[in-house]
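Enquirer: model.cif is reproduced in full below (mmCIF, C-alpha atoms; chains and numbers go by the auth columns).
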```cif
data_run
#
loop_
_atom_site.group_PDB
_atom_site.id
_atom_site.type_symbol
_atom_site.label_atom_id
_atom_site.label_comp_id
_atom_site.label_asym_id
_atom_site.label_seq_id
_atom_site.Cartn_x
_atom_site.Cartn_y
_atom_site.Cartn_z
_atom_site.B_iso_or_equiv
_atom_site.auth_seq_id
_atom_site.auth_asym_id
ATOM 1 C CA MET A 1 -21.762 3.625 -21.463 0.00 858 I
ATOM 2 C CA THR A 2 -22.220 3.099 -17.731 0.00 859 I
ATOM 3 C CA GLY A 3 -20.710 -0.375 -17.955 0.00 860 I
ATOM 4 C CA GLU A 4 -17.319 0.970 -19.043 0.00 861 I
ATOM 5 C CA ARG A 5 -14.557 1.293 -16.490 0.00 862 I
ATOM 6 C CA ASN A 6 -13.109 4.673 -15.669 0.00 863 I
ATOM 7 C CA SER A 7 -9.567 4.711 -17.076 0.00 864 I
ATOM 8 C CA GLU A 8 -8.400 7.293 -14.516 0.00 865 I
ATOM 9 C CA VAL A 9 -9.478 5.101 -11.597 0.00 866 I
ATOM 10 C CA ARG A 10 -7.835 2.089 -13.215 0.00 867 I
ATOM 11 C CA ALA A 11 -4.563 4.018 -13.661 0.00 868 I
ATOM 12 C CA LEU A 12 -4.711 5.225 -10.030 0.00 869 I
ATOM 13 C CA ASN A 13 -5.248 1.662 -8.776 0.00 870 I
ATOM 14 C CA LYS A 14 -2.239 0.493 -10.818 0.00 871 I
ATOM 15 C CA ALA A 15 -0.114 3.290 -9.354 0.00 872 I
ATOM 16 C CA ILE A 16 -1.149 2.420 -5.789 0.00 873 I
ATOM 17 C CA ALA A 17 -0.377 -1.252 -6.420 0.00 874 I
ATOM 18 C CA LYS A 18 3.227 -0.298 -7.301 0.00 875 I
ATOM 19 C CA ILE A 19 4.005 1.232 -3.880 0.00 876 I
ATOM 20 C CA ILE A 20 7.091 -0.391 -2.351 0.00 877 I
ATOM 21 C CA ILE A 21 7.707 -0.745 1.387 0.00 878 I
ATOM 22 C CA ASP A 22 11.293 -1.790 2.090 0.00 879 I
ATOM 23 C CA VAL A 23 12.310 -2.857 5.607 0.00 880 I
ATOM 24 C CA ARG A 24 16.039 -2.990 6.337 0.00 881 I
ATOM 25 C CA GLY A 25 16.965 -3.578 9.944 0.00 882 I
ATOM 26 C CA ASP A 26 15.816 -0.575 11.959 0.00 883 I
ATOM 27 C CA LYS A 27 14.882 1.531 8.889 0.00 884 I
ATOM 28 C CA LEU A 28 11.770 1.451 6.754 0.00 885 I
ATOM 29 C CA PHE A 29 11.515 3.030 3.293 0.00 886 I
ATOM 30 C CA VAL A 30 8.298 3.824 1.413 0.00 887 I
ATOM 31 C CA ILE A 31 8.684 4.398 -2.321 0.00 888 I
ATOM 32 C CA VAL A 32 5.731 5.617 -4.399 0.00 889 I
ATOM 33 C CA PRO A 33 6.444 5.668 -8.157 0.00 890 I
ATOM 34 C CA VAL A 34 5.135 8.734 -10.022 0.00 891 I
ATOM 35 C CA PRO A 35 2.619 7.735 -12.724 0.00 892 I
ATOM 36 C CA ARG A 36 3.164 9.068 -16.232 0.00 893 I
ATOM 37 C CA ASP A 37 -0.396 10.356 -16.583 0.00 894 I
ATOM 38 C CA HIS A 38 -0.795 13.888 -15.199 0.00 895 I
ATOM 39 C CA LEU A 39 -4.297 13.390 -13.739 0.00 896 I
ATOM 40 C CA THR A 40 -3.276 10.151 -12.057 0.00 897 I
ATOM 41 C CA SER A 41 -0.150 11.819 -10.684 0.00 898 I
ATOM 42 C CA GLU A 42 -2.224 14.652 -9.182 0.00 899 I
ATOM 43 C CA ALA A 43 -4.730 12.205 -7.674 0.00 900 I
ATOM 44 C CA LEU A 44 -1.946 10.112 -6.156 0.00 901 I
ATOM 45 C CA GLU A 45 -0.233 13.212 -4.783 0.00 902 I
ATOM 46 C CA ALA A 46 -3.512 14.188 -3.094 0.00 903 I
ATOM 47 C CA LEU A 47 -3.610 10.724 -1.469 0.00 904 I
ATOM 48 C CA LEU A 48 -0.050 10.894 -0.095 0.00 905 I
ATOM 49 C CA PRO A 49 -1.090 12.367 3.305 0.00 906 I
ATOM 50 C CA ALA A 50 -3.624 9.549 3.752 0.00 907 I
ATOM 51 C CA ILE A 51 -1.018 6.946 2.740 0.00 908 I
ATOM 52 C CA HIS A 52 1.469 8.505 5.174 0.00 909 I
ATOM 53 C CA LYS A 53 -1.085 8.487 7.997 0.00 910 I
ATOM 54 C CA PHE A 54 -2.107 4.873 7.321 0.00 911 I
ATOM 55 C CA ILE A 55 1.470 3.572 7.210 0.00 912 I
ATOM 56 C CA SER A 56 2.512 5.498 10.329 0.00 913 I
ATOM 57 C CA ASN A 57 -0.546 4.225 12.241 0.00 914 I
ATOM 58 C CA GLU A 58 0.191 0.625 11.230 0.00 915 I
ATOM 59 C CA ASN A 59 3.873 0.938 12.235 0.00 916 I
ATOM 60 C CA GLU A 60 3.792 2.821 15.524 0.00 917 I
ATOM 61 C CA ASN A 61 7.365 1.831 16.428 0.00 918 I
ATOM 62 C CA TYR A 62 8.752 3.948 13.563 0.00 919 I
ATOM 63 C CA ARG A 63 9.096 7.722 13.194 0.00 920 I
ATOM 64 C CA PHE A 64 8.266 8.719 9.591 0.00 921 I
ATOM 65 C CA SER A 65 9.531 11.695 7.628 0.00 922 I
ATOM 66 C CA SER A 66 7.285 13.442 5.124 0.00 923 I
ATOM 67 C CA PHE A 67 7.232 12.398 1.482 0.00 924 I
ATOM 68 C CA GLU A 68 9.828 14.016 -0.787 0.00 925 I
ATOM 69 C CA ARG A 69 9.574 13.989 -4.560 0.00 926 I
ATOM 70 C CA HIS A 70 12.618 12.908 -6.561 0.00 927 I
ATOM 71 C CA ALA A 71 12.264 14.390 -10.061 0.00 928 I
ATOM 72 C CA ASN A 72 9.641 12.486 -12.075 0.00 929 I
ATOM 73 C CA HIS A 73 10.610 9.119 -10.644 0.00 930 I
ATOM 74 C CA CYS A 74 9.097 8.674 -7.181 0.00 931 I
ATOM 75 C CA TRP A 75 8.047 10.047 -3.825 0.00 932 I
ATOM 76 C CA HIS A 76 10.214 8.772 -1.001 0.00 933 I
ATOM 77 C CA CYS A 77 9.568 8.521 2.721 0.00 934 I
ATOM 78 C CA GLN A 78 11.951 7.142 5.354 0.00 935 I
ATOM 79 C CA ALA A 79 11.253 5.914 8.859 0.00 936 I
ATOM 80 C CA ASN A 80 13.601 5.201 11.754 0.00 937 I
ATOM 81 C CA PHE A 81 12.905 2.882 14.663 0.00 938 I
ATOM 82 C CA LYS A 82 11.867 4.736 17.829 0.00 939 I
ATOM 83 C CA ASN A 83 13.980 4.086 20.894 0.00 940 I
#
```
Could I get this structure in the form of structure tokens?
Expert:
Amino acid sequence: MTGERNSEVRALNKAIAKIIIDVRGDKLFVIVPVPRDHLTSEALEALLPAIHKFISNENENYRFSSFERHANHCWHCQANFKN
């Protein structure tokens, strides 16, 4: 049984692959869809601070807000260009 893949890890990888980063002029939006599976959703929610830190470190010219959850659809984060 050790050769089988962990379905929870596979679902988490799929959820991470669906993250959208939208750049429009001087604004940047990060959209993280909420997975349907409860365990995957909890694991992804635990990773949100690390995702936020990584994206803010890679884009130092932007000031990021914290992630906000919108119902069961997505987490949303917005960034504005620093002057």
Enquirer: Taking the file as I've supplied it (selection: the PyMOL selection byres ((chain I and resi 877) around 8)), which residues are included? Please answer as an NGL selection string.
Expert: :I and (875-876 or 878-879 or 886-889)
Enquirer: Expressed in Å to a single decimal, how great is the separation between atom CA of His933 of chain I and atom CA of Arg893 of chain I?
Expert: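 Separating atom CA of His933 of chain I from atom CA of Arg893 of chain I is a distance of 16.8 Å.
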Enquirer: Figure out the distance between atom CA of Cys934 of chain I and atom CA of Val880 of chain I, please, to one decimal in Å.
Expert: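 Taking atom CA of Val880 of chain I and atom CA of Cys934 of chain I, their separation equals 12.1 Å.
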Enquirer: When you count all atoms listed in the file, which of these residues is closest to Gly882 of chain I: I:Tyr919, I:Ile912, I:Trp932, I:Val866?
Expert: I:Tyr919
Enquirer: I'd like the interatomic distance between atom CA of Lys939 of chain I and atom CA of Val891 of chain I, to a tenth of an Å.
Expert: 28.9 Å
Enquirer: Between I:Asn916, I:Asn940, I:Asn870, I:Asn929, which one has atoms that come closest to Thr897 of chain I, using all atoms listed in the file?
Expert: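 Closest residue, counting all atoms listed in the file: I:Asn870.
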Enquirer: Starting from the displayed file, determine the output of the PyMOL selection byres ((chain I and resi 902) around 12) and express the residue list as an MDAnalysis selection string.
Expert: chainID I and resid 869 872:873 889:892 895:901 903:909 924:926 931:933
Enquirer: Starting from the displayed file, determine the output of the PyMOL selection byres ((chain I and resi 917) around 12) and express the residue list as a list in words.
Expert: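 Written out, the selection comes to Leu885, Lys910, Phe911, Ile912, Ser913, Asn914, Glu915, Asn916, Asn918, Tyr919, Arg920, Phe921, Ala936, Asn937, Phe938, Lys939 and Asn940 of chain I.
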Enquirer: Can you sort out the box for segment 867-877 of chain I, edges along x, y and z, all listed atoms in, 3 Å on every side, with centre and edge lengths in Å to one decimal, as AutoDock Vina command-line options?
Expert:
```
--center_x -0.4 --center_y 2.0 --center_z -8.0 --size_x 20.9 --size_y 12.5 --size_z 17.3
```
Enquirer: Taking the structure in the block just given, could you write segment 861-929 of chain I with C-alpha atoms, as a PDB file, in the first residue's frame?
Expert:
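Saved the output as part.pdb:
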```pdb
ATOM      1  CA  GLU I 861      -0.477   4.511  -3.473  1.00  0.00           C
ATOM      2  CA  ARG I 862      -0.721   8.275  -3.615  1.00  0.00           C
ATOM      3  CA  ASN I 863      -2.250  10.194  -0.755  1.00  0.00           C
ATOM      4  CA  SER I 864      -5.568  11.578  -2.023  1.00  0.00           C
ATOM      5  CA  GLU I 865      -5.484  14.490   0.446  1.00  0.00           C
ATOM      6  CA  VAL I 866      -2.094  15.663  -0.826  1.00  0.00           C
ATOM      7  CA  ARG I 867      -3.283  15.301  -4.411  1.00  0.00           C
ATOM      8  CA  ALA I 868      -6.398  17.390  -3.669  1.00  0.00           C
ATOM      9  CA  LEU I 869      -4.271  20.052  -1.922  1.00  0.00           C
ATOM     10  CA  ASN I 870      -1.904  20.244  -4.908  1.00  0.00           C
ATOM     11  CA  LYS I 871      -4.892  20.684  -7.246  1.00  0.00           C
ATOM     12  CA  ALA I 872      -6.252  23.470  -5.040  1.00  0.00           C
ATOM     13  CA  ILE I 873      -2.894  25.275  -4.983  1.00  0.00           C
ATOM     14  CA  ALA I 874      -2.624  24.973  -8.767  1.00  0.00           C
ATOM     15  CA  LYS I 875      -5.932  26.874  -9.110  1.00  0.00           C
ATOM     16  CA  ILE I 876      -4.669  30.044  -7.376  1.00  0.00           C
ATOM     17  CA  ILE I 877      -5.174  33.088  -9.605  1.00  0.00           C
ATOM     18  CA  ILE I 878      -2.972  36.191  -9.541  1.00  0.00           C
ATOM     19  CA  ASP I 879      -4.552  39.032 -11.509  1.00  0.00           C
ATOM     20  CA  VAL I 880      -2.532  42.174 -12.272  1.00  0.00           C
ATOM     21  CA  ARG I 881      -4.489  45.223 -13.422  1.00  0.00           C
ATOM     22  CA  GLY I 882      -2.505  48.417 -13.695  1.00  0.00           C
ATOM     23  CA  ASP I 883      -1.378  49.403 -10.207  1.00  0.00           C
ATOM     24  CA  LYS I 884      -3.498  46.746  -8.424  1.00  0.00           C
ATOM     25  CA  LEU I 885      -2.820  43.072  -7.882  1.00  0.00           C
ATOM     26  CA  PHE I 886      -5.482  40.539  -6.861  1.00  0.00           C
ATOM     27  CA  VAL I 887      -4.850  37.067  -5.426  1.00  0.00           C
ATOM     28  CA  ILE I 888      -7.791  34.670  -5.589  1.00  0.00           C
ATOM     29  CA  VAL I 889      -7.608  31.275  -3.867  1.00  0.00           C
ATOM     30  CA  PRO I 890     -10.613  29.031  -4.625  1.00  0.00           C
ATOM     31  CA  VAL I 891     -11.992  27.091  -1.637  1.00  0.00           C
ATOM     32  CA  PRO I 892     -11.789  23.319  -2.228  1.00  0.00           C
ATOM     33  CA  ARG I 893     -14.935  21.269  -1.691  1.00  0.00           C
ATOM     34  CA  ASP I 894     -13.215  18.726   0.552  1.00  0.00           C
ATOM     35  CA  HIS I 895     -13.185  19.815   4.208  1.00  0.00           C
ATOM     36  CA  LEU I 896      -9.709  18.450   5.039  1.00  0.00           C
ATOM     37  CA  THR I 897      -8.202  20.043   1.948  1.00  0.00           C
ATOM     38  CA  SER I 898      -9.919  23.330   2.773  1.00  0.00           C
ATOM     39  CA  GLU I 899      -8.462  23.298   6.303  1.00  0.00           C
ATOM     40  CA  ALA I 900      -4.978  22.450   5.007  1.00  0.00           C
ATOM     41  CA  LEU I 901      -5.135  25.234   2.427  1.00  0.00           C
ATOM     42  CA  GLU I 902      -6.379  27.706   5.030  1.00  0.00           C
ATOM     43  CA  ALA I 903      -3.383  26.807   7.214  1.00  0.00           C
ATOM     44  CA  LEU I 904      -1.094  27.576   4.245  1.00  0.00           C
ATOM     45  CA  LEU I 905      -2.608  31.009   3.530  1.00  0.00           C
ATOM     46  CA  PRO I 906      -0.127  32.924   5.764  1.00  0.00           C
ATOM     47  CA  ALA I 907       2.790  31.247   3.962  1.00  0.00           C
ATOM     48  CA  ILE I 908       1.229  32.020   0.562  1.00  0.00           C
ATOM     49  CA  HIS I 909       0.683  35.635   1.646  1.00  0.00           C
ATOM     50  CA  LYS I 910       4.280  35.953   2.852  1.00  0.00           C
ATOM     51  CA  PHE I 911       5.699  34.407  -0.335  1.00  0.00           C
ATOM     52  CA  ILE I 912       3.664  36.624  -2.669  1.00  0.00           C
ATOM     53  CA  SER I 913       4.419  39.792  -0.691  1.00  0.00           C
ATOM     54  CA  ASN I 914       8.156  38.980  -0.652  1.00  0.00           C
ATOM     55  CA  GLU I 915       8.171  38.386  -4.417  1.00  0.00           C
ATOM     56  CA  ASN I 916       6.282  41.648  -5.091  1.00  0.00           C
ATOM     57  CA  GLU I 917       7.914  44.173  -2.783  1.00  0.00           C
ATOM     58  CA  ASN I 918       6.459  47.158  -4.664  1.00  0.00           C
ATOM     59  CA  TYR I 919       2.922  46.226  -3.549  1.00  0.00           C
ATOM     60  CA  ARG I 920       1.206  46.568  -0.167  1.00  0.00           C
ATOM     61  CA  PHE I 921      -0.974  43.483   0.459  1.00  0.00           C
ATOM     62  CA  SER I 922      -4.108  43.211   2.561  1.00  0.00           C
ATOM     63  CA  SER I 923      -4.855  40.039   4.497  1.00  0.00           C
ATOM     64  CA  PHE I 924      -6.910  37.250   2.963  1.00  0.00           C
ATOM     65  CA  GLU I 925     -10.691  37.523   3.334  1.00  0.00           C
ATOM     66  CA  ARG I 926     -13.033  34.603   2.796  1.00  0.00           C
ATOM     67  CA  HIS I 927     -16.047  35.106   0.537  1.00  0.00           C
ATOM     68  CA  ALA I 928     -18.636  32.468   1.490  1.00  0.00           C
ATOM     69  CA  ASN I 929     -17.604  29.032   0.188  1.00  0.00           C
TER      70      ASN I 929
END
```
